[in-house]
Amino acid sequence: MKLFTKCPYCKSETSFYSFVSDRAMLSKEKGNPVQLTCKKCNSDFHTEVDNIYAKKSIIAIIVALTILVLGAPLAFIGLNSFIRDSGYFVISAGMISIPFVIYKIINAQDRKRVDSFNKFKIKG
Ligand SMILES: [Zn+2]
């Protein structure tokens, strides 16, 4: 996932990718403190694993919103003739809610990922 920390020199936020899911794994993989290079001022610096944090993924939000925005009308269009013919409004409402459910699941999983990384600190 994408992880963030603040550069001690220019104070801007810099990011890097890692496949770890918590700070214990991060310190095993990269050591503690972690050596990083600021993307903005290009300085090399060391930072404690506890100063590194996860944020909500923009990609997850975009995917979730795309499913929501495209899925709801598609479900409606697909079922439009069926609604007119049969009047089974309850079923069609259920179909339209599927994109909303997917949206909620993606959002919840992303929050869980961020929370599980941020809540555990090496030094407590
Ligand atoms: Zn910097």
# chains A, B, ... in the order shown; residues from 1 in each chain; ligands from 1
call {"tool": "residues_near_ligand", "arguments": {"ligand": "ligand 1", "cutoff": "12 Å", "atoms": "only C-alpha atoms and all ligand atoms", "output": "list of chain:residue names"}}
result
A:Thr5, A:Lys6, A:Cys7, A:Pro8, A:Tyr9, A:Cys10, A:Lys11, A:Ser12, A:Glu13, A:Thr14, A:Ser15, A:Leu36, A:Thr37, A:Cys38, A:Lys39, A:Lys40, A:Cys41, A:Asn42, A:Ser43, A:Asp44, A:Phe45, A:His46
call {"tool": "write_last_selection", "arguments": {"atoms": "N, CA and C atoms", "output": "short mmCIF file (atom, residue, chain, number, x, y, z; two decimals), in the first residue's frame"}}
result
data_model
loop_
_atom_site.label_atom_id
_atom_site.label_comp_id
_atom_site.auth_asym_id
_atom_site.auth_seq_id
_atom_site.Cartn_x
_atom_site.Cartn_y
_atom_site.Cartn_z
N THR A 5 4.95 9.86 5.11
CA THR A 5 5.61 10.45 6.26
C THR A 5 6.01 11.87 5.88
N LYS A 6 6.40 12.66 6.89
CA LYS A 6 6.79 14.04 6.60
C LYS A 6 8.31 14.15 6.51
N CYS A 7 8.78 14.86 5.52
CA CYS A 7 10.21 15.11 5.35
C CYS A 7 10.65 16.10 6.43
N PRO A 8 11.74 15.77 7.19
CA PRO A 8 12.18 16.68 8.25
C PRO A 8 12.81 17.97 7.70
N TYR A 9 13.20 17.98 6.44
CA TYR A 9 13.89 19.16 5.87
C TYR A 9 12.90 20.16 5.29
N CYS A 10 12.03 19.71 4.39
CA CYS A 10 11.12 20.67 3.75
C CYS A 10 9.70 20.58 4.32
N LYS A 11 9.49 19.65 5.26
CA LYS A 11 8.20 19.49 5.97
C LYS A 11 7.05 19.05 5.07
N SER A 12 7.36 18.69 3.84
CA SER A 12 6.25 18.26 2.99
C SER A 12 6.06 16.75 3.13
N GLU A 13 4.89 16.29 2.77
CA GLU A 13 4.56 14.88 2.90
C GLU A 13 5.17 14.12 1.74
N THR A 14 5.83 13.04 2.04
CA THR A 14 6.38 12.20 0.97
C THR A 14 5.83 10.79 1.12
N SER A 15 5.78 10.05 0.03
CA SER A 15 5.14 8.74 0.07
C SER A 15 6.01 7.67 -0.59
N LEU A 36 14.56 6.90 3.83
CA LEU A 36 13.71 7.33 2.72
C LEU A 36 14.34 8.51 2.00
N THR A 37 13.86 8.75 0.80
CA THR A 37 14.29 9.94 0.05
C THR A 37 13.06 10.79 -0.22
N CYS A 38 13.15 12.06 0.16
CA CYS A 38 12.02 12.97 -0.06
C CYS A 38 11.82 13.20 -1.56
N LYS A 39 10.55 13.10 -1.99
CA LYS A 39 10.27 13.29 -3.41
C LYS A 39 10.31 14.77 -3.81
N LYS A 40 10.18 15.63 -2.82
CA LYS A 40 10.12 17.05 -3.14
C LYS A 40 11.51 17.69 -3.15
N CYS A 41 12.26 17.53 -2.04
CA CYS A 41 13.57 18.21 -1.98
C CYS A 41 14.73 17.24 -2.21
N ASN A 42 14.40 15.95 -2.42
CA ASN A 42 15.42 14.95 -2.77
C ASN A 42 16.40 14.63 -1.64
N SER A 43 16.12 15.03 -0.41
CA SER A 43 17.01 14.74 0.71
C SER A 43 16.79 13.31 1.19
N ASP A 44 17.89 12.66 1.58
CA ASP A 44 17.78 11.37 2.25
C ASP A 44 17.57 11.62 3.73
N PHE A 45 16.65 10.88 4.33
CA PHE A 45 16.46 11.05 5.78
C PHE A 45 16.02 9.73 6.40
N HIS A 46 16.17 9.64 7.72
CA HIS A 46 15.71 8.47 8.47
C HIS A 46 14.50 8.88 9.27
#
call {"tool": "residues_around", "arguments": {"residues": "Lys55 of chain A", "least_positions_apart": "6", "cutoff": "8 Å", "atoms": "only C-alpha atoms", "output": "VMD selection string"}}
result
chain A and resid 2 to 4 114
call {"tool": "residues_around", "arguments": {"residues": "Ser18 of chain A", "least_positions_apart": "2", "cutoff": "10 Å", "atoms": "only C-alpha atoms", "output": "number ranges by chain"}}
result
A: 1-3, 15-16, 20-21, 25-26, 29-30
call {"tool": "closest_residue", "arguments": {"among": "A:Ala54, A:Leu70, A:Ile122, A:Leu65", "to": "Ile105 of chain A", "atoms": "only C-alpha atoms"}}
result
A:Leu65
call {"tool": "select_by_dssp", "arguments": {"residues": "chain A", "states": "alpha helix (DSSP H)", "output": "count of residues only"}}
result
68
call {"tool": "closest_residue", "arguments": {"among": "A:Ala24, A:Ile58, A:Ala72, A:Val34", "to": "Arg111 of chain A", "atoms": "only C-alpha atoms"}}
result
A:Ile58
